[in-house]
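K.L.:
The file below is coords.tsv, TSV, C-alpha atoms:
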```tsv
chain	number	residue	atom	x	y	z
A	1	MET	CA	-18.64	8.82	2.97
A	2	THR	CA	-16.37	7.62	0.17
A	3	THR	CA	-17.20	4.36	-1.54
A	4	LEU	CA	-14.02	2.61	-0.35
A	5	LYS	CA	-14.51	3.74	3.25
A	6	SER	CA	-18.15	2.62	3.23
A	7	LYS	CA	-17.07	-0.76	1.77
A	8	LEU	CA	-14.60	-1.14	4.65
A	9	GLN	CA	-17.39	-0.27	7.12
A	10	ASP	CA	-19.79	-2.77	5.52
A	11	ASP	CA	-17.12	-5.48	5.53
A	12	LEU	CA	-16.38	-4.72	9.18
A	13	ASN	CA	-20.06	-5.17	10.07
A	14	ALA	CA	-20.15	-8.46	8.16
A	15	ALA	CA	-16.97	-9.68	9.88
A	16	ILE	CA	-18.42	-8.84	13.30
A	17	LYS	CA	-21.62	-10.76	12.49
A	18	GLU	CA	-19.56	-13.74	11.28
A	19	ARG	CA	-17.43	-13.50	14.44
A	20	ASP	CA	-14.28	-13.25	12.29
A	21	GLU	CA	-11.91	-11.78	14.87
A	22	LEU	CA	-8.92	-11.32	12.55
A	23	ARG	CA	-10.85	-9.43	9.84
A	24	SER	CA	-12.86	-7.34	12.27
A	25	SER	CA	-9.81	-6.22	14.28
A	26	THR	CA	-7.82	-5.48	11.11
A	27	LEU	CA	-10.66	-3.45	9.59
A	28	ARG	CA	-11.23	-1.61	12.88
A	29	LEU	CA	-7.58	-0.57	13.02
A	30	THR	CA	-7.65	0.52	9.37
A	31	LEU	CA	-10.85	2.55	9.83
A	32	ALA	CA	-9.29	4.14	12.93
A	33	ALA	CA	-6.24	5.12	10.86
A	34	ILE	CA	-8.55	6.63	8.22
A	35	THR	CA	-10.46	8.59	10.87
A	36	LYS	CA	-7.17	9.77	12.38
A	37	GLU	CA	-6.09	11.02	8.95
A	38	GLU	CA	-9.43	12.80	8.50
A	39	VAL	CA	-9.11	14.75	11.75
A	40	ALA	CA	-5.38	15.47	11.36
A	41	GLY	CA	-4.61	19.09	10.64
A	42	LYS	CA	-6.66	22.17	11.39
A	43	ALA	CA	-10.05	21.09	10.03
A	44	LYS	CA	-11.87	17.77	9.81
A	45	ARG	CA	-12.27	16.63	6.23
A	46	GLU	CA	-13.58	13.70	4.21
A	47	LEU	CA	-10.84	11.64	2.53
A	48	SER	CA	-11.15	10.81	-1.16
A	49	ASP	CA	-10.91	7.19	-2.31
A	50	ASP	CA	-7.30	7.81	-3.39
A	51	GLU	CA	-6.41	9.12	0.06
A	52	VAL	CA	-8.18	6.17	1.72
A	53	LEU	CA	-6.19	3.86	-0.57
A	54	LYS	CA	-2.94	5.53	0.58
A	55	VAL	CA	-3.91	4.92	4.21
A	56	ILE	CA	-4.69	1.24	3.48
A	57	THR	CA	-1.36	0.92	1.61
A	58	ARG	CA	0.49	2.42	4.57
A	59	GLU	CA	-1.28	0.07	7.00
A	60	ALA	CA	-0.46	-2.96	4.81
A	61	LYS	CA	3.20	-1.89	4.70
A	62	LYS	CA	3.23	-1.62	8.51
A	63	ARG	CA	1.92	-5.21	8.71
A	64	ARG	CA	4.62	-6.48	6.31
A	65	GLU	CA	7.39	-4.74	8.24
A	66	ALA	CA	6.05	-5.97	11.58
A	67	ALA	CA	5.84	-9.54	10.25
A	68	GLU	CA	9.49	-9.38	9.18
A	69	ALA	CA	10.53	-7.95	12.55
A	70	PHE	CA	8.62	-10.63	14.47
A	71	ALA	CA	10.08	-13.37	12.25
A	72	GLN	CA	13.62	-12.10	12.87
A	73	GLY	CA	12.88	-11.88	16.58
A	74	GLY	CA	11.80	-15.53	16.68
A	75	ARG	CA	8.11	-14.79	17.32
A	76	ALA	CA	6.56	-16.89	14.55
A	77	GLU	CA	3.01	-16.72	15.92
A	78	SER	CA	2.99	-12.90	15.93
A	79	ALA	CA	4.59	-12.86	12.47
A	80	GLU	CA	1.82	-15.11	11.12
A	81	ARG	CA	-0.85	-12.83	12.61
A	82	GLU	CA	0.71	-9.76	10.98
A	83	LYS	CA	0.96	-11.58	7.62
A	84	ALA	CA	-2.70	-12.59	7.86
A	85	GLU	CA	-3.71	-9.00	8.63
A	86	GLY	CA	-1.67	-7.85	5.64
A	87	GLU	CA	-3.54	-10.32	3.41
A	88	VAL	CA	-6.89	-8.95	4.64
A	89	LEU	CA	-5.78	-5.44	3.66
A	90	ALA	CA	-4.34	-6.62	0.33
A	91	ALA	CA	-7.87	-7.44	-0.80
A	92	TYR	CA	-8.64	-3.70	-0.82
A	93	LEU	CA	-5.51	-2.68	-2.74
A	94	PRO	CA	-5.11	-2.66	-6.51
A	95	LYS	CA	-3.34	-5.69	-8.00
A	96	GLN	CA	0.42	-5.33	-7.73
A	97	LEU	CA	2.48	-5.24	-10.92
A	98	SER	CA	4.61	-8.27	-11.72
A	99	ASP	CA	8.38	-7.81	-12.02
A	100	ASP	CA	8.14	-8.06	-15.82
A	101	GLU	CA	5.41	-5.41	-16.04
A	102	LEU	CA	7.34	-3.12	-13.69
A	103	ASN	CA	10.58	-3.55	-15.66
A	104	ALA	CA	8.78	-2.74	-18.93
A	105	ILE	CA	7.37	0.50	-17.49
A	106	VAL	CA	10.77	1.44	-16.02
A	107	ALA	CA	12.57	0.66	-19.32
A	108	GLN	CA	10.15	2.94	-21.18
A	109	ALA	CA	10.72	5.72	-18.61
A	110	VAL	CA	14.52	5.33	-18.91
A	111	GLU	CA	14.20	5.81	-22.68
A	112	GLU	CA	12.05	8.92	-22.14
A	113	ALA	CA	14.60	10.33	-19.67
A	114	LYS	CA	17.49	9.61	-22.08
A	115	ALA	CA	15.56	11.41	-24.83
A	116	ALA	CA	15.27	14.39	-22.49
A	117	GLY	CA	19.04	14.32	-21.92
A	118	ALA	CA	19.29	12.50	-18.57
A	119	GLU	CA	22.03	9.87	-18.52
A	120	GLY	CA	23.55	7.41	-16.05
A	121	PRO	CA	22.89	7.12	-12.30
A	122	ARG	CA	22.16	10.87	-12.02
A	123	ALA	CA	19.04	10.31	-14.12
A	124	MET	CA	17.39	8.44	-11.23
A	125	GLY	CA	15.27	11.43	-10.14
A	126	ALA	CA	14.08	12.16	-13.67
A	127	VAL	CA	13.15	8.51	-14.27
A	128	MET	CA	11.35	8.23	-10.91
A	129	LYS	CA	9.28	11.34	-11.78
A	130	ILE	CA	8.13	9.58	-14.95
A	131	VAL	CA	7.54	6.14	-13.38
A	132	ASN	CA	5.81	7.03	-10.09
A	133	PRO	CA	2.53	8.37	-11.54
A	134	LYS	CA	2.27	5.30	-13.82
A	135	VAL	CA	2.71	2.74	-11.04
A	136	ALA	CA	1.04	4.59	-8.14
A	137	GLY	CA	-0.46	2.03	-5.78
A	138	GLN	CA	0.57	-0.90	-7.96
A	139	ALA	CA	4.20	-1.23	-6.89
A	140	GLU	CA	6.04	-0.37	-3.69
A	141	GLY	CA	8.50	2.51	-3.89
A	142	GLY	CA	11.45	0.30	-2.92
A	143	ARG	CA	10.73	-2.13	-5.76
A	144	VAL	CA	10.43	0.73	-8.24
A	145	ALA	CA	13.70	2.34	-7.08
A	146	ALA	CA	15.55	-0.98	-7.27
A	147	ALA	CA	14.30	-1.58	-10.84
A	148	VAL	CA	15.31	1.94	-11.91
A	149	LYS	CA	18.80	1.57	-10.35
A	150	LYS	CA	19.29	-1.79	-12.05
A	151	LEU	CA	18.37	-0.44	-15.49
A	152	LEU	CA	20.40	2.77	-15.12
A	153	ALA	CA	23.47	0.83	-13.96
A	154	GLY	CA	23.13	-1.79	-16.70
```
Step by step, read the file and then write its structure as structure tokens.

P.N.:
Amino acid sequence: MTTLKSKLQDDLNAAIKERDELRSSTLRLTLAAITKEEVAGKAKRELSDDEVLKVITREAKKRREAAEAFAQGGRAESAEREKAEGEVLAAYLPKQLSDDELNAIVAQAVEEAKAAGAEGPRAMGAVMKIVNPKVAGQAEGGRVAAAVKKLLAG
């Protein structure tokens, strides 16, 4: 068992003992998503920590999107629950980059792309190829794309 998955399992056991319903249900759902990913495909396999992190990131994104949908639908109580679940999952994710840190990385990548001959809005793909490995797990794709568009347009 990977270290991150075993940490989730240990935290789930602790949450059950503490009778923390929110944490235990959130961790159960996340572990179920990890197990589902492990048995997807032709053969059962053990996920690496990076793959487990991707599953947690995907689950956290689902919570954020659900919270927004509930808030727009006028269901504040459900939105708060989804936000709280998202915060539980955020504890397992790497620290997100600030806007300034993200813009600095993107600016450097734009310079690299220009040096390689990519100019203007068409350089978006080249810049994203440079930026994505540097910010993997630390910034959401939408934020990264918006920063790249802003710098290429400006």

K.L.:
For Ala107 (chain A), which of A:Gly73, A:Val148, A:Leu93, A:Gln138 is the closest residue, counting all atoms listed in the file?

P.N.:
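For Ala107 (chain A), the nearest of the given residues is A:Val148.
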
K.L.:
Between A:Ala67, A:Val88, A:Ala109, A:Leu53, which residue has the minimum interatomic distance to Ser24 (chain A), considering only C-alpha atoms?

P.N.:
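When distances to Ser24 (chain A) are compared using only C-alpha atoms, the smallest one comes from A:Val88.
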
K.L.:
Set the distance at 12 Å and use only C-alpha atoms: which residues neighbour Gly137 (chain A) once local chain neighbours fewer than 4 positions away are removed? I'd like the list as a list of chain:residue names.

P.N.:
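These residues fall inside the cut-off: A:Asp50, A:Glu51, A:Val52, A:Leu53, A:Lys54, A:Val55, A:Ile56, A:Thr57, A:Arg58, A:Ala60, A:Lys61, A:Ala90, A:Tyr92, A:Leu93, A:Pro94, A:Lys95, A:Gln96, A:Leu97, A:Val131, A:Asn132, A:Pro133, A:Gly141, A:Arg143, A:Val144.
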
K.L.:
Which residues are near Leu31 (chain A)? Cut-off 8 Å, all atoms listed in the file, ignore same chain within fewer than 3 positions. Put them as a PyMOL selection string.

P.N.:
chain A and resi 5+8-9+27-28+34-35

K.L.:
Work out how far CA of Gly86 (chain A) is from CA of Ser25 (chain A), in Å to one decimal.

P.N.:
12.0 Å

K.L.:
Please write as a list of chain:residue names the list of polymer residues whose atoms come within 9 Å of (-13.0, 10.8, 0.7), counting only C-alpha atoms and keeping to the coordinates of the file.

P.N.:
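Nearby residues: A:Met1, A:Thr2, A:Thr3, A:Leu4, A:Lys5, A:Glu38, A:Arg45, A:Glu46, A:Leu47, A:Ser48, A:Asp49, A:Asp50, A:Glu51, A:Val52.
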
K.L.:
I need the residue nearest Lys150 (chain A) from this list: A:Glu18, A:Lys36, A:Val106, A:Lys44. Use all atoms listed in the file for the distance.

P.N.:
A:Val106

K.L.:
Please return region 130-147 of chain A, rebuilt to N, CA and C atoms, as a CSV table (one decimal), keeping the file's coordinate frame.

P.N.:
```csv
chain,number,residue,atom,x,y,z
A,130,ILE,N,8.9,10.1,-13.9
A,130,ILE,CA,8.1,9.6,-15.0
A,130,ILE,C,7.4,8.3,-14.5
A,131,VAL,N,8.1,7.5,-13.8
A,131,VAL,CA,7.5,6.1,-13.4
A,131,VAL,C,6.5,6.2,-12.3
A,132,ASN,N,6.7,7.0,-11.3
A,132,ASN,CA,5.8,7.0,-10.1
A,132,ASN,C,4.3,7.2,-10.4
A,133,PRO,N,4.0,8.2,-11.2
A,133,PRO,CA,2.5,8.4,-11.5
A,133,PRO,C,1.9,7.1,-12.3
A,134,LYS,N,2.8,6.5,-13.0
A,134,LYS,CA,2.3,5.3,-13.8
A,134,LYS,C,2.0,4.1,-12.9
A,135,VAL,N,2.8,3.9,-11.9
A,135,VAL,CA,2.7,2.7,-11.0
A,135,VAL,C,2.1,3.0,-9.7
A,136,ALA,N,1.6,4.2,-9.5
A,136,ALA,CA,1.0,4.6,-8.1
A,136,ALA,C,0.1,3.5,-7.6
A,137,GLY,N,0.4,3.0,-6.4
A,137,GLY,CA,-0.5,2.0,-5.8
A,137,GLY,C,-0.3,0.6,-6.3
A,138,GLN,N,0.4,0.4,-7.4
A,138,GLN,CA,0.6,-0.9,-8.0
A,138,GLN,C,1.9,-1.5,-7.7
A,139,ALA,N,2.9,-0.7,-7.2
A,139,ALA,CA,4.2,-1.2,-6.9
A,139,ALA,C,4.8,-0.4,-5.8
A,140,GLU,N,5.4,-1.0,-4.8
A,140,GLU,CA,6.0,-0.4,-3.7
A,140,GLU,C,7.2,0.5,-4.2
A,141,GLY,N,7.4,1.6,-3.5
A,141,GLY,CA,8.5,2.5,-3.9
A,141,GLY,C,9.9,1.9,-3.9
A,142,GLY,N,10.2,1.0,-3.0
A,142,GLY,CA,11.4,0.3,-2.9
A,142,GLY,C,11.7,-0.6,-4.1
A,143,ARG,N,10.6,-1.3,-4.6
A,143,ARG,CA,10.7,-2.1,-5.8
A,143,ARG,C,11.0,-1.3,-7.0
A,144,VAL,N,10.3,-0.2,-7.1
A,144,VAL,CA,10.4,0.7,-8.2
A,144,VAL,C,11.9,1.3,-8.3
A,145,ALA,N,12.4,1.8,-7.1
A,145,ALA,CA,13.7,2.3,-7.1
A,145,ALA,C,14.8,1.3,-7.4
A,146,ALA,N,14.6,0.1,-7.0
A,146,ALA,CA,15.6,-1.0,-7.3
A,146,ALA,C,15.6,-1.3,-8.8
A,147,ALA,N,14.4,-1.3,-9.4
A,147,ALA,CA,14.3,-1.6,-10.8
A,147,ALA,C,14.9,-0.5,-11.6
```
